[in-house]
file input-v3.pdb (PDB, C-alpha atoms)
MODEL        1
ATOM      1  CA  MET A  29     -23.599 -11.350 -20.848
ATOM      2  CA  ARG A  30     -21.170 -10.820 -17.969
ATOM      3  CA  LYS A  31     -22.655  -9.340 -14.785
ATOM      4  CA  LYS A  32     -21.562  -5.812 -13.928
ATOM      5  CA  VAL A  33     -19.550  -5.163 -10.771
ATOM      6  CA  THR A  34     -21.763  -2.915  -8.633
ATOM      7  CA  LYS A  35     -20.830  -3.968  -5.082
ATOM      8  CA  ALA A  36     -17.614  -3.343  -3.177
ATOM      9  CA  ILE A  37     -16.358  -4.541   0.190
ATOM     10  CA  PHE A  38     -14.136  -2.250   2.254
ATOM     11  CA  PRO A  39     -12.345  -4.172   5.050
ATOM     12  CA  VAL A  40     -11.752  -1.503   7.728
ATOM     13  CA  ALA A  41     -11.798  -3.511  10.960
ATOM     14  CA  GLY A  42      -8.074  -3.187  11.735
ATOM     15  CA  MET A  43      -6.937  -1.407  14.885
ATOM     16  CA  GLY A  44      -4.302   0.705  13.146
ATOM     17  CA  THR A  45      -1.647  -0.055  15.767
ATOM     18  CA  ARG A  46       1.165   1.350  13.596
ATOM     19  CA  PHE A  47      -0.425   4.784  14.027
ATOM     20  CA  LEU A  48      -0.849   4.757  17.793
ATOM     21  CA  PRO A  49      -1.502   6.865  19.787
ATOM     22  CA  ALA A  50      -3.625   8.681  17.146
ATOM     23  CA  THR A  51      -5.692   5.566  16.427
ATOM     24  CA  LYS A  52      -6.586   5.167  20.084
ATOM     25  CA  SER A  53      -9.608   7.360  19.358
ATOM     26  CA  VAL A  54      -9.496   8.051  15.602
ATOM     27  CA  PRO A  55     -10.065   5.233  13.086
ATOM     28  CA  LYS A  56      -7.053   5.054  10.787
ATOM     29  CA  GLU A  57      -9.335   5.164   7.744
ATOM     30  CA  ILE A  58     -10.427   8.732   8.493
ATOM     31  CA  MET A  59      -6.916  10.063   9.010
ATOM     32  CA  THR A  60      -6.401  12.655   6.305
ATOM     33  CA  LEU A  61      -4.153  13.013   3.299
ATOM     34  CA  VAL A  62      -4.151  16.819   3.048
ATOM     35  CA  ASP A  63      -7.882  17.392   3.720
ATOM     36  CA  ARG A  64      -9.562  14.114   2.718
ATOM     37  CA  PRO A  65      -9.677  10.893   4.758
ATOM     38  CA  LEU A  66      -8.101   7.754   3.382
ATOM     39  CA  VAL A  67     -11.527   6.179   3.027
ATOM     40  CA  GLN A  68     -12.790   9.053   0.864
ATOM     41  CA  TYR A  69     -10.130   8.284  -1.745
ATOM     42  CA  ALA A  70     -11.343   4.667  -1.764
ATOM     43  CA  ILE A  71     -14.999   5.683  -2.071
ATOM     44  CA  ASP A  72     -14.285   8.108  -4.922
ATOM     45  CA  GLU A  73     -12.357   5.397  -6.761
ATOM     46  CA  ALA A  74     -15.229   2.949  -6.314
ATOM     47  CA  ARG A  75     -17.795   5.455  -7.570
ATOM     48  CA  ALA A  76     -15.706   6.130 -10.683
ATOM     49  CA  ALA A  77     -15.732   2.375 -11.387
ATOM     50  CA  GLY A  78     -19.538   2.196 -11.254
ATOM     51  CA  ILE A  79     -19.940   0.806  -7.729
ATOM     52  CA  LYS A  80     -23.434   1.436  -6.325
ATOM     53  CA  GLU A  81     -23.414  -0.552  -3.069
ATOM     54  CA  PHE A  82     -20.708  -0.009  -0.448
ATOM     55  CA  ILE A  83     -20.159  -2.638   2.252
ATOM     56  CA  PHE A  84     -17.880  -1.788   5.177
ATOM     57  CA  VAL A  85     -16.532  -4.557   7.405
ATOM     58  CA  THR A  86     -15.858  -2.752  10.669
ATOM     59  CA  SER A  87     -15.134  -3.447  14.334
ATOM     60  CA  ARG A  88     -15.624  -1.828  17.707
ATOM     61  CA  GLY A  89     -14.435   1.796  17.859
ATOM     62  CA  LYS A  90     -15.262   2.698  14.238
ATOM     63  CA  GLY A  91     -18.259   4.942  15.026
ATOM     64  CA  ALA A  92     -16.490   8.023  13.663
ATOM     65  CA  LEU A  93     -16.095   6.249  10.323
ATOM     66  CA  GLU A  94     -19.829   5.620  10.120
ATOM     67  CA  ASP A  95     -20.602   9.216  11.126
ATOM     68  CA  TYR A  96     -18.315  10.540   8.400
ATOM     69  CA  PHE A  97     -20.654   9.309   5.662
ATOM     70  CA  ASP A  98     -23.806  10.601   7.356
ATOM     71  CA  HIS A  99     -25.507  13.879   6.499
ATOM     72  CA  SER A 100     -24.708  16.882   8.708
ATOM     73  CA  PRO A 101     -27.803  19.144   8.476
ATOM     74  CA  VAL A 102     -26.557  21.781  10.952
ATOM     75  CA  LEU A 103     -23.202  22.213   9.222
ATOM     76  CA  GLU A 104     -24.833  22.243   5.776
ATOM     77  CA  GLN A 105     -27.321  24.874   6.929
ATOM     78  CA  GLU A 106     -24.527  27.090   8.263
ATOM     79  CA  LEU A 107     -22.549  26.854   5.031
ATOM     80  CA  ARG A 108     -25.655  27.611   2.994
ATOM     81  CA  LYS A 109     -26.491  30.601   5.185
ATOM     82  CA  LYS A 110     -22.980  32.013   4.724
ATOM     83  CA  GLY A 111     -23.039  31.457   0.970
ATOM     84  CA  LYS A 112     -20.103  29.043   1.034
ATOM     85  CA  GLN A 113     -21.300  26.953  -1.892
ATOM     86  CA  ASP A 114     -17.839  25.553  -2.674
ATOM     87  CA  LEU A 115     -17.545  24.065   0.811
ATOM     88  CA  LEU A 116     -21.139  22.863   0.673
ATOM     89  CA  ASP A 117     -20.443  21.011  -2.579
ATOM     90  CA  LEU A 118     -17.312  19.494  -1.031
ATOM     91  CA  LEU A 119     -19.265  18.346   2.006
ATOM     92  CA  GLN A 120     -22.115  16.868   0.015
ATOM     93  CA  ASP A 121     -19.664  14.706  -1.933
ATOM     94  CA  THR A 122     -19.038  12.824   1.330
ATOM     95  CA  ASN A 123     -22.697  11.979   1.914
ATOM     96  CA  MET A 124     -23.986   8.504   1.150
ATOM     97  CA  GLU A 125     -27.638   7.989   0.306
ATOM     98  CA  SER A 126     -29.796   5.756   2.497
ATOM     99  CA  GLY A 127     -29.461   2.123   1.452
ATOM    100  CA  ALA A 128     -26.227   2.616  -0.490
ATOM    101  CA  ILE A 129     -23.970   1.785   2.440
ATOM    102  CA  ALA A 130     -23.966  -1.103   4.898
ATOM    103  CA  TYR A 131     -21.842  -1.940   7.928
ATOM    104  CA  ILE A 132     -20.916  -5.484   9.006
ATOM    105  CA  ARG A 133     -18.997  -6.251  12.213
ATOM    106  CA  GLN A 134     -15.945  -8.505  12.216
ATOM    107  CA  HIS A 135     -15.782  -9.597  15.838
ATOM    108  CA  LYS A 136     -12.445 -11.426  15.626
ATOM    109  CA  ALA A 137      -9.333 -10.378  13.708
ATOM    110  CA  LEU A 138      -8.919 -13.570  11.670
ATOM    111  CA  GLY A 139      -7.466 -12.082   8.495
ATOM    112  CA  LEU A 140      -8.492 -10.371   5.279
ATOM    113  CA  GLY A 141     -10.203 -13.483   3.961
ATOM    114  CA  HIS A 142     -12.379 -13.650   7.052
ATOM    115  CA  ALA A 143     -13.259  -9.952   6.744
ATOM    116  CA  VAL A 144     -14.456 -10.486   3.162
ATOM    117  CA  TRP A 145     -16.357 -13.628   4.209
ATOM    118  CA  CYS A 146     -18.245 -11.591   6.830
ATOM    119  CA  ALA A 147     -19.985  -9.704   3.995
ATOM    120  CA  ARG A 148     -21.035 -12.833   2.086
ATOM    121  CA  ARG A 149     -24.783 -12.468   2.661
ATOM    122  CA  LEU A 150     -24.793  -9.024   1.052
ATOM    123  CA  ILE A 151     -22.987 -10.258  -2.077
ATOM    124  CA  ALA A 152     -25.166 -13.243  -3.070
ATOM    125  CA  ASN A 153     -24.273 -14.648  -6.503
ATOM    126  CA  GLU A 154     -22.581 -11.604  -8.031
ATOM    127  CA  PRO A 155     -19.036 -10.547  -8.844
ATOM    128  CA  PHE A 156     -17.779  -7.960  -6.384
ATOM    129  CA  ALA A 157     -14.839  -5.682  -5.717
ATOM    130  CA  VAL A 158     -12.652  -5.462  -2.633
ATOM    131  CA  ILE A 159     -10.832  -2.215  -1.884
ATOM    132  CA  LEU A 160      -8.248  -1.790   0.877
ATOM    133  CA  PRO A 161      -8.210   1.921   1.817
ATOM    134  CA  ASP A 162      -4.609   1.612   3.073
ATOM    135  CA  ASP A 163      -3.519   1.290  -0.557
ATOM    136  CA  VAL A 164      -4.012   4.730  -2.075
ATOM    137  CA  ILE A 165      -3.383   4.903  -5.811
ATOM    138  CA  ALA A 166      -2.794   8.155  -7.668
ATOM    139  CA  ALA A 167      -3.851   7.602 -11.276
ATOM    140  CA  GLU A 168      -5.281   9.606 -14.157
ATOM    141  CA  LYS A 169      -7.930   6.894 -14.550
ATOM    142  CA  PRO A 170      -8.773   5.367 -11.149
ATOM    143  CA  CYS A 171      -7.289   1.909 -10.614
ATOM    144  CA  LEU A 172     -10.564   0.055 -10.035
ATOM    145  CA  GLN A 173     -12.056   1.634 -13.149
ATOM    146  CA  GLN A 174      -9.083   0.328 -15.165
ATOM    147  CA  MET A 175      -9.672  -3.125 -13.691
ATOM    148  CA  VAL A 176     -13.426  -3.146 -14.350
ATOM    149  CA  GLU A 177     -12.788  -2.321 -18.005
ATOM    150  CA  ALA A 178     -10.260  -5.161 -18.264
ATOM    151  CA  TYR A 179     -12.546  -7.537 -16.345
ATOM    152  CA  GLU A 180     -15.300  -7.004 -18.902
ATOM    153  CA  GLU A 181     -12.977  -8.722 -21.379
ATOM    154  CA  THR A 182     -11.572 -11.480 -19.144
ATOM    155  CA  GLY A 183     -14.126 -12.406 -16.467
ATOM    156  CA  GLY A 184     -12.841 -14.732 -13.735
ATOM    157  CA  ASN A 185     -10.998 -13.161 -10.801
ATOM    158  CA  MET A 186      -8.733 -10.148 -11.146
ATOM    159  CA  VAL A 187      -6.207  -8.651  -8.734
ATOM    160  CA  ALA A 188      -4.232  -5.444  -9.007
ATOM    161  CA  ALA A 189      -0.536  -6.232  -9.341
ATOM    162  CA  MET A 190       2.783  -4.411  -9.307
ATOM    163  CA  GLU A 191       6.434  -5.413  -9.454
ATOM    164  CA  VAL A 192       8.271  -5.214  -6.124
ATOM    165  CA  PRO A 193      11.932  -5.829  -5.238
ATOM    166  CA  PRO A 194      12.605  -9.537  -4.585
ATOM    167  CA  GLU A 195      13.533  -8.852  -0.962
ATOM    168  CA  LYS A 196      10.057  -7.392  -0.317
ATOM    169  CA  THR A 197       7.935 -10.262  -1.633
ATOM    170  CA  SER A 198       7.531 -11.570   1.931
ATOM    171  CA  SER A 199       5.207  -8.629   2.617
ATOM    172  CA  TYR A 200       2.727  -9.478  -0.167
ATOM    173  CA  GLY A 201       0.666 -12.112  -1.878
ATOM    174  CA  VAL A 202       2.644 -12.999  -5.013
ATOM    175  CA  LEU A 203       1.433 -14.302  -8.376
ATOM    176  CA  ASP A 204       2.765 -17.463  -9.969
ATOM    177  CA  VAL A 205       2.577 -16.211 -13.553
ATOM    178  CA  LYS A 206       1.357 -18.545 -16.284
ATOM    179  CA  ASP A 207       1.113 -16.201 -19.285
ATOM    180  CA  ASP A 208       2.334 -12.614 -19.378
ATOM    181  CA  MET A 209       0.251 -10.588 -21.833
ATOM    182  CA  GLY A 210       1.589  -7.186 -20.790
ATOM    183  CA  GLN A 211      -1.088  -5.263 -18.923
ATOM    184  CA  VAL A 212      -2.790  -8.530 -17.947
ATOM    185  CA  VAL A 213      -1.183 -11.766 -16.751
ATOM    186  CA  SER A 214      -2.846 -15.126 -16.119
ATOM    187  CA  ALA A 215      -1.831 -16.989 -12.983
ATOM    188  CA  ASN A 216      -1.055 -20.608 -12.126
ATOM    189  CA  GLY A 217      -1.448 -19.763  -8.471
ATOM    190  CA  MET A 218      -0.846 -17.256  -5.675
ATOM    191  CA  VAL A 219       1.458 -17.504  -2.668
ATOM    192  CA  GLU A 220       0.866 -15.452   0.471
ATOM    193  CA  LYS A 221       4.007 -13.759   1.847
ATOM    194  CA  PRO A 222       6.660 -16.120   0.462
ATOM    195  CA  SER A 223      10.069 -15.854   2.085
ATOM    196  CA  ALA A 224      12.884 -14.196   0.155
ATOM    197  CA  GLY A 225      14.128 -16.437  -2.654
ATOM    198  CA  GLU A 226      11.007 -18.620  -2.673
ATOM    199  CA  ALA A 227       8.575 -16.268  -4.427
ATOM    200  CA  PRO A 228       7.318 -17.560  -7.818
ATOM    201  CA  SER A 229       7.717 -14.021  -9.251
ATOM    202  CA  ASN A 230       8.091 -10.447  -8.079
ATOM    203  CA  LEU A 231       4.546  -9.544  -9.188
ATOM    204  CA  ALA A 232       2.793  -8.643  -5.952
ATOM    205  CA  VAL A 233      -0.922  -8.305  -5.274
ATOM    206  CA  ILE A 234      -2.032  -4.979  -3.816
ATOM    207  CA  GLY A 235      -5.345  -3.878  -2.379
ATOM    208  CA  ARG A 236      -7.770  -4.005  -5.329
ATOM    209  CA  TYR A 237      -9.693  -7.124  -6.306
ATOM    210  CA  ILE A 238     -12.596  -8.117  -8.558
ATOM    211  CA  LEU A 239     -13.788 -11.510  -7.392
ATOM    212  CA  SER A 240     -16.192 -14.239  -8.357
ATOM    213  CA  PRO A 241     -18.750 -15.376  -5.729
ATOM    214  CA  SER A 242     -17.007 -18.766  -5.843
ATOM    215  CA  VAL A 243     -14.242 -17.173  -3.731
ATOM    216  CA  LEU A 244     -16.770 -16.776  -0.912
ATOM    217  CA  LYS A 245     -17.554 -20.517  -1.116
ATOM    218  CA  ASN A 246     -13.842 -21.212  -0.756
ATOM    219  CA  LEU A 247     -13.690 -18.931   2.277
ATOM    220  CA  ASN A 248     -16.537 -20.913   3.851
ATOM    221  CA  LYS A 249     -14.006 -23.687   4.510
ATOM    222  CA  MET A 250     -12.234 -21.396   6.996
ATOM    223  CA  LYS A 251      -8.767 -22.713   6.123
ATOM    224  CA  SER A 252      -5.933 -21.035   8.012
ATOM    225  CA  GLY A 253      -2.985 -19.862   5.961
ATOM    226  CA  ALA A 254       0.068 -17.670   6.504
ATOM    227  CA  GLY A 255       0.256 -16.240  10.009
ATOM    228  CA  GLY A 256      -2.575 -18.520  11.136
ATOM    229  CA  GLU A 257      -5.087 -16.219   9.414
ATOM    230  CA  ILE A 258      -7.742 -16.899   6.777
ATOM    231  CA  GLN A 259      -6.028 -15.527   3.689
ATOM    232  CA  LEU A 260      -7.964 -14.080   0.755
ATOM    233  CA  THR A 261      -5.146 -15.034  -1.618
ATOM    234  CA  ASP A 262      -5.562 -18.719  -0.666
ATOM    235  CA  ALA A 263      -9.279 -18.614  -1.512
ATOM    236  CA  ILE A 264      -8.546 -16.937  -4.836
ATOM    237  CA  ALA A 265      -5.811 -19.465  -5.660
ATOM    238  CA  GLU A 266      -8.241 -22.304  -4.902
ATOM    239  CA  ASP A 267     -10.444 -21.061  -7.741
ATOM    240  CA  ILE A 268      -7.691 -21.893 -10.233
ATOM    241  CA  ALA A 269      -8.008 -25.590  -9.345
ATOM    242  CA  GLN A 270     -11.728 -25.278 -10.071
ATOM    243  CA  ASP A 271     -11.041 -23.871 -13.557
ATOM    244  CA  VAL A 272     -11.971 -20.301 -12.626
ATOM    245  CA  PRO A 273      -9.204 -18.142 -14.129
ATOM    246  CA  VAL A 274      -7.240 -15.632 -12.069
ATOM    247  CA  TYR A 275      -5.642 -12.599 -13.676
ATOM    248  CA  GLY A 276      -3.204 -10.013 -12.435
ATOM    249  CA  TYR A 277      -3.649  -6.490 -13.753
ATOM    250  CA  ARG A 278      -0.686  -4.119 -13.959
ATOM    251  CA  PHE A 279      -2.460  -0.861 -13.198
ATOM    252  CA  ARG A 280      -1.310   2.527 -14.410
ATOM    253  CA  GLY A 281      -0.627   4.805 -11.454
ATOM    254  CA  GLN A 282       1.434   5.255  -8.312
ATOM    255  CA  ARG A 283       0.568   3.238  -5.232
ATOM    256  CA  PHE A 284       1.197   4.517  -1.706
ATOM    257  CA  ASP A 285       1.203   2.152   1.257
ATOM    258  CA  CYS A 286      -0.668   4.322   3.726
ATOM    259  CA  GLY A 287      -0.694   1.515   6.256
ATOM    260  CA  SER A 288       2.866   2.560   7.045
ATOM    261  CA  LYS A 289       3.976   5.915   8.428
ATOM    262  CA  ALA A 290       6.532   6.448   5.659
ATOM    263  CA  GLY A 291       3.984   5.668   2.936
ATOM    264  CA  PHE A 292       1.406   7.912   4.564
ATOM    265  CA  LEU A 293       3.855  10.824   4.663
ATOM    266  CA  GLN A 294       4.924  10.227   1.058
ATOM    267  CA  ALA A 295       1.299  10.232  -0.069
ATOM    268  CA  THR A 296       0.607  13.427   1.871
ATOM    269  CA  VAL A 297       3.453  15.224   0.109
ATOM    270  CA  ALA A 298       2.518  13.814  -3.322
ATOM    271  CA  PHE A 299      -1.161  14.772  -3.052
ATOM    272  CA  ALA A 300      -0.303  18.207  -1.678
ATOM    273  CA  LEU A 301       2.087  18.869  -4.570
ATOM    274  CA  ALA A 302      -0.728  17.926  -6.968
ATOM    275  CA  ARG A 303      -2.842  20.791  -5.601
ATOM    276  CA  ASP A 304      -2.349  24.122  -7.372
ATOM    277  CA  GLU A 305      -3.095  26.168  -4.255
ATOM    278  CA  LEU A 306      -0.528  24.273  -2.141
ATOM    279  CA  ARG A 307       2.265  23.398  -4.562
ATOM    280  CA  ASP A 308       4.349  26.594  -4.496
ATOM    281  CA  ASP A 309       4.377  27.057  -0.722
ATOM    282  CA  LEU A 310       5.209  23.400  -0.153
ATOM    283  CA  MET A 311       7.957  23.341  -2.753
ATOM    284  CA  ASN A 312       9.527  26.447  -1.211
ATOM    285  CA  TYR A 313       9.424  24.803   2.199
ATOM    286  CA  ILE A 314      10.981  21.579   0.908
ATOM    287  CA  SER A 315      13.747  23.609  -0.758
ATOM    288  CA  GLU A 316      14.423  25.461   2.485
ATOM    289  CA  ILE A 317      14.690  22.200   4.404
ATOM    290  CA  ALA A 318      17.051  20.738   1.799
ATOM    291  CA  GLN A 319      19.285  23.805   2.014
ATOM    292  CA  VAL A 320      19.383  23.635   5.815
ATOM    293  CA  GLY A 321      20.301  19.946   5.580
ATOM    294  CA  LYS A 322      23.164  20.656   3.185
ATOM    295  CA  ALA A 323      24.450  23.451   5.408
ATOM    296  CA  ALA A 324      24.395  21.138   8.433
ATOM    297  CA  GLN A 325      26.536  18.601   6.580
TER     298      GLN A 325
ENDMDL
END

call {"tool": "encode", "arguments": {"input": "input-v3.pdb", "output": "structure tokens"}}
result
Amino acid sequence: MRKKVTKAIFPVAGMGTRFLPATKSVPKEIMTLVDRPLVQYAIDEARAAGIKEFIFVTSRGKGALEDYFDHSPVLEQELRKKGKQDLLDLLQDTNMESGAIAYIRQHKALGLGHAVWCARRLIANEPFAVILPDDVIAAEKPCLQQMVEAYEETGGNMVAAMEVPPEKTSSYGVLDVKDDMGQVVSANGMVEKPSAGEAPSNLAVIGRYILSPSVLKNLNKMKSGAGGEIQLTDAIAEDIAQDVPVYGYRFRGQRFDCGSKAGFLQATVAFALARDELRDDLMNYISEIAQVGKAAQ
């Protein structure tokens, strides 16, 4: 019987330089889409997929991220006293029980593969998920939950995948597709950030993974890849040579790259429009802006 995926690694050690000066004092992962931090979307997705243990790979200056998941007795008491049960329920959804969450420091920025490797002792010999909070996915069924259900049929390693324009493959890990079965594809290999015209396909890997513990053994070799960093895609691709299958999963949903300012703004608008109490006012405002723009032309 295949082991269940109950652990997830969240690599959150990056400095968030594309969002300076805000990230000088605020970790990028707790910047908000409407009224919820990026990391809360990732946590909620993990919970929906059955994750029970949450491992954060952090760095210096991420104290506010750790505090976010702690209990706030004074605030909870005030909300209870004022009868604001709706806000109290909202707040309690952010709390993590003792023992469910762990923090590991990545002292040097050596790449995503290195960040995952830092959590190796907490994984042991179990399959595990990796979630990049920068990739926010709006979906009726959360992306990782879709992947866990597919993984129960396939085993091996599984990565979330989406088609991208050929000129953008240099920004992603890209799958070399062996068999295309529709929702799921099997891979001959993976190439990290191939230059335009050299990508084996346009099926790019985005920030959701279900991985075998053998990937951690591959990362132990500390091989440098693209950009001189230890690449997770290289460690996953190495599994193929060891007869551990790798699958790409075409998830159902819309992905927002919240590591970029444009993607963050697009996600903010999309999630706001999905809220009944915000939709009308926002749509009216967008219409007003569009009319002003037309008049200016």

call {"tool": "closest_residue", "arguments": {"input": "input-v3.pdb", "among": "A:Val85, A:Pro161, A:Glu177, A:Pro65", "to": "Thr122 (chain A)", "atoms": "all atoms listed in the file"}}
result
A:Pro65

call {"tool": "resolve_selection", "arguments": {"input": "input-v3.pdb", "expression": "the PyMOL selection byres ((chain A and resi 197) around 10)", "output": "list of chain:residue names"}}
result
A:Glu191, A:Val192, A:Pro193, A:Pro194, A:Glu195, A:Lys196, A:Ser198, A:Ser199, A:Tyr200, A:Gly201, A:Val202, A:Val219, A:Glu220, A:Lys221, A:Pro222, A:Ser223, A:Ala224, A:Gly225, A:Glu226, A:Ala227, A:Pro228, A:Ser229, A:Asn230, A:Leu231, A:Ala232, A:Val233

call {"tool": "atom_distance", "arguments": {"input": "input-v3.pdb", "atom1": "CA of Trp145 (chain A)", "atom2": "CA of Leu247 (chain A)"}}
result
6.2 Å

call {"tool": "residues_around", "arguments": {"input": "input-v3.pdb", "residues": "Asn123 (chain A)", "least_positions_apart": "5", "cutoff": "9 Å", "atoms": "only C-alpha atoms", "output": "ChimeraX atom specification"}}
result
/A:96-100

call {"tool": "residues_around", "arguments": {"input": "input-v3.pdb", "residues": "Ser240 (chain A)", "least_positions_apart": "2", "cutoff": "7 Å", "atoms": "only C-alpha atoms", "output": "number ranges by chain"}}
result
A: 154-156, 184-185, 242-243

call {"tool": "closest_residue", "arguments": {"input": "input-v3.pdb", "among": "A:Glu266, A:Arg88, A:Leu93, A:Arg30", "to": "Val67 (chain A)", "atoms": "only C-alpha atoms"}}
result
A:Leu93

call {"tool": "closest_residue", "arguments": {"input": "input-v3.pdb", "among": "A:Leu160, A:Leu138, A:Ile79, A:Ile129", "to": "Phe38 (chain A)", "atoms": "all atoms listed in the file"}}
result
A:Leu160

call {"tool": "resolve_selection", "arguments": {"input": "input-v3.pdb", "expression": "the PyMOL selection byres ((chain A and resi 63) around 12)", "output": "list in words"}}
result
Ile58, Met59, Thr60, Leu61, Val62, Arg64, Pro65, Leu66, Val67, Gln68, Tyr69, Leu118, Leu119, Thr296, Phe299, Ala300, Arg303 and Leu306 of chain A

call {"tool": "write_last_selection", "arguments": {"input": "input-v3.pdb", "atoms": "C-alpha atoms", "output": "mmCIF file, in the coordinates of the input"}}
result
data_model
loop_
_atom_site.group_PDB
_atom_site.id
_atom_site.type_symbol
_atom_site.label_atom_id
_atom_site.label_comp_id
_atom_site.auth_asym_id
_atom_site.auth_seq_id
_atom_site.Cartn_x
_atom_site.Cartn_y
_atom_site.Cartn_z
ATOM 1 C CA ILE A 58 -10.427 8.732 8.493
ATOM 2 C CA MET A 59 -6.916 10.063 9.010
ATOM 3 C CA THR A 60 -6.401 12.655 6.305
ATOM 4 C CA LEU A 61 -4.153 13.013 3.299
ATOM 5 C CA VAL A 62 -4.151 16.819 3.048
ATOM 6 C CA ARG A 64 -9.562 14.114 2.718
ATOM 7 C CA PRO A 65 -9.677 10.893 4.758
ATOM 8 C CA LEU A 66 -8.101 7.754 3.382
ATOM 9 C CA VAL A 67 -11.527 6.179 3.027
ATOM 10 C CA GLN A 68 -12.790 9.053 0.864
ATOM 11 C CA TYR A 69 -10.130 8.284 -1.745
ATOM 12 C CA LEU A 118 -17.312 19.494 -1.031
ATOM 13 C CA LEU A 119 -19.265 18.346 2.006
ATOM 14 C CA THR A 296 0.607 13.427 1.871
ATOM 15 C CA PHE A 299 -1.161 14.772 -3.052
ATOM 16 C CA ALA A 300 -0.303 18.207 -1.678
ATOM 17 C CA ARG A 303 -2.842 20.791 -5.601
ATOM 18 C CA LEU A 306 -0.528 24.273 -2.141
#

call {"tool": "residues_around", "arguments": {"input": "input-v3.pdb", "residues": "Ser288 (chain A)", "least_positions_apart": "4", "cutoff": "12 Å", "atoms": "all atoms listed in the file", "output": "list in words"}}
result
Gly44, Thr45, Arg46, Phe47, Leu48, Lys56, Asp162, Asp163, Val164, Phe284, Phe292, Leu293, Gln294 and Ala295 of chain A

call {"tool": "write_last_selection", "arguments": {"input": "input-v3.pdb", "atoms": "C-alpha atoms", "output": "mmCIF file, keeping the file's coordinate frame"}}
result
data_model
loop_
_atom_site.group_PDB
_atom_site.id
_atom_site.type_symbol
_atom_site.label_atom_id
_atom_site.label_comp_id
_atom_site.auth_asym_id
_atom_site.auth_seq_id
_atom_site.Cartn_x
_atom_site.Cartn_y
_atom_site.Cartn_z
ATOM 1 C CA GLY A 44 -4.302 0.705 13.146
ATOM 2 C CA THR A 45 -1.647 -0.055 15.767
ATOM 3 C CA ARG A 46 1.165 1.350 13.596
ATOM 4 C CA PHE A 47 -0.425 4.784 14.027
ATOM 5 C CA LEU A 48 -0.849 4.757 17.793
ATOM 6 C CA LYS A 56 -7.053 5.054 10.787
ATOM 7 C CA ASP A 162 -4.609 1.612 3.073
ATOM 8 C CA ASP A 163 -3.519 1.290 -0.557
ATOM 9 C CA VAL A 164 -4.012 4.730 -2.075
ATOM 10 C CA PHE A 284 1.197 4.517 -1.706
ATOM 11 C CA PHE A 292 1.406 7.912 4.564
ATOM 12 C CA LEU A 293 3.855 10.824 4.663
ATOM 13 C CA GLN A 294 4.924 10.227 1.058
ATOM 14 C CA ALA A 295 1.299 10.232 -0.069
#

call {"tool": "closest_residue", "arguments": {"input": "input-v3.pdb", "among": "A:Ala130, A:Ala157, A:Val297, A:Val102", "to": "Gly235 (chain A)", "atoms": "only C-alpha atoms"}}
result
A:Ala157

call {"tool": "resolve_selection", "arguments": {"input": "input-v3.pdb", "expression": "the PyMOL selection byres ((chain A and resi 280-283) around 10)", "output": "short mmCIF file (atom, residue, chain, number, x, y, z; two decimals) with C-alpha atoms, in the frame of the given file"}}
result
data_model
loop_
_atom_site.label_atom_id
_atom_site.label_comp_id
_atom_site.auth_asym_id
_atom_site.auth_seq_id
_atom_site.Cartn_x
_atom_site.Cartn_y
_atom_site.Cartn_z
CA ASP A 162 -4.61 1.61 3.07
CA ASP A 163 -3.52 1.29 -0.56
CA VAL A 164 -4.01 4.73 -2.08
CA ILE A 165 -3.38 4.90 -5.81
CA ALA A 166 -2.79 8.15 -7.67
CA ALA A 167 -3.85 7.60 -11.28
CA GLU A 168 -5.28 9.61 -14.16
CA LYS A 169 -7.93 6.89 -14.55
CA PRO A 170 -8.77 5.37 -11.15
CA CYS A 171 -7.29 1.91 -10.61
CA GLN A 174 -9.08 0.33 -15.16
CA MET A 190 2.78 -4.41 -9.31
CA GLN A 211 -1.09 -5.26 -18.92
CA ILE A 234 -2.03 -4.98 -3.82
CA GLY A 235 -5.34 -3.88 -2.38
CA TYR A 277 -3.65 -6.49 -13.75
CA ARG A 278 -0.69 -4.12 -13.96
CA PHE A 279 -2.46 -0.86 -13.20
CA PHE A 284 1.20 4.52 -1.71
CA ASP A 285 1.20 2.15 1.26
CA CYS A 286 -0.67 4.32 3.73
CA GLY A 291 3.98 5.67 2.94
CA ALA A 295 1.30 10.23 -0.07
CA ALA A 298 2.52 13.81 -3.32
#

call {"tool": "closest_residue", "arguments": {"input": "input-v3.pdb", "among": "A:Leu301, A:Tyr237, A:Glu94, A:Asp72", "to": "Val176 (chain A)", "atoms": "only C-alpha atoms"}}
result
A:Tyr237

call {"tool": "atom_distance", "arguments": {"input": "input-v3.pdb", "atom1": "CA of Ile238 (chain A)", "atom2": "CA of Leu150 (chain A)"}}
result
15.6 Å

call {"tool": "closest_residue", "arguments": {"input": "input-v3.pdb", "among": "A:Ser53, A:Gln173, A:Asn248, A:Ser126", "to": "Cys146 (chain A)", "atoms": "all atoms listed in the file"}}
result
A:Asn248

call {"tool": "atom_distance", "arguments": {"input": "input-v3.pdb", "atom1": "CA of Thr86 (chain A)", "atom2": "CA of Leu203 (chain A)"}}
result
28.2 Å

call {"tool": "residues_near_point", "arguments": {"input": "input-v3.pdb", "point": "(-24.9, -9.0, -6.2)", "cutoff": "10 Å", "atoms": "only C-alpha atoms", "output": "ChimeraX atom specification"}}
result
/A:31-36,81,148-156,241

call {"tool": "residues_around", "arguments": {"input": "input-v3.pdb", "residues": "Ile268 (chain A)", "least_positions_apart": "2", "cutoff": "10 Å", "atoms": "only C-alpha atoms", "output": "MDAnalysis selection string"}}
result
chainID A and resid 184:185 215:218 263:266 270:274
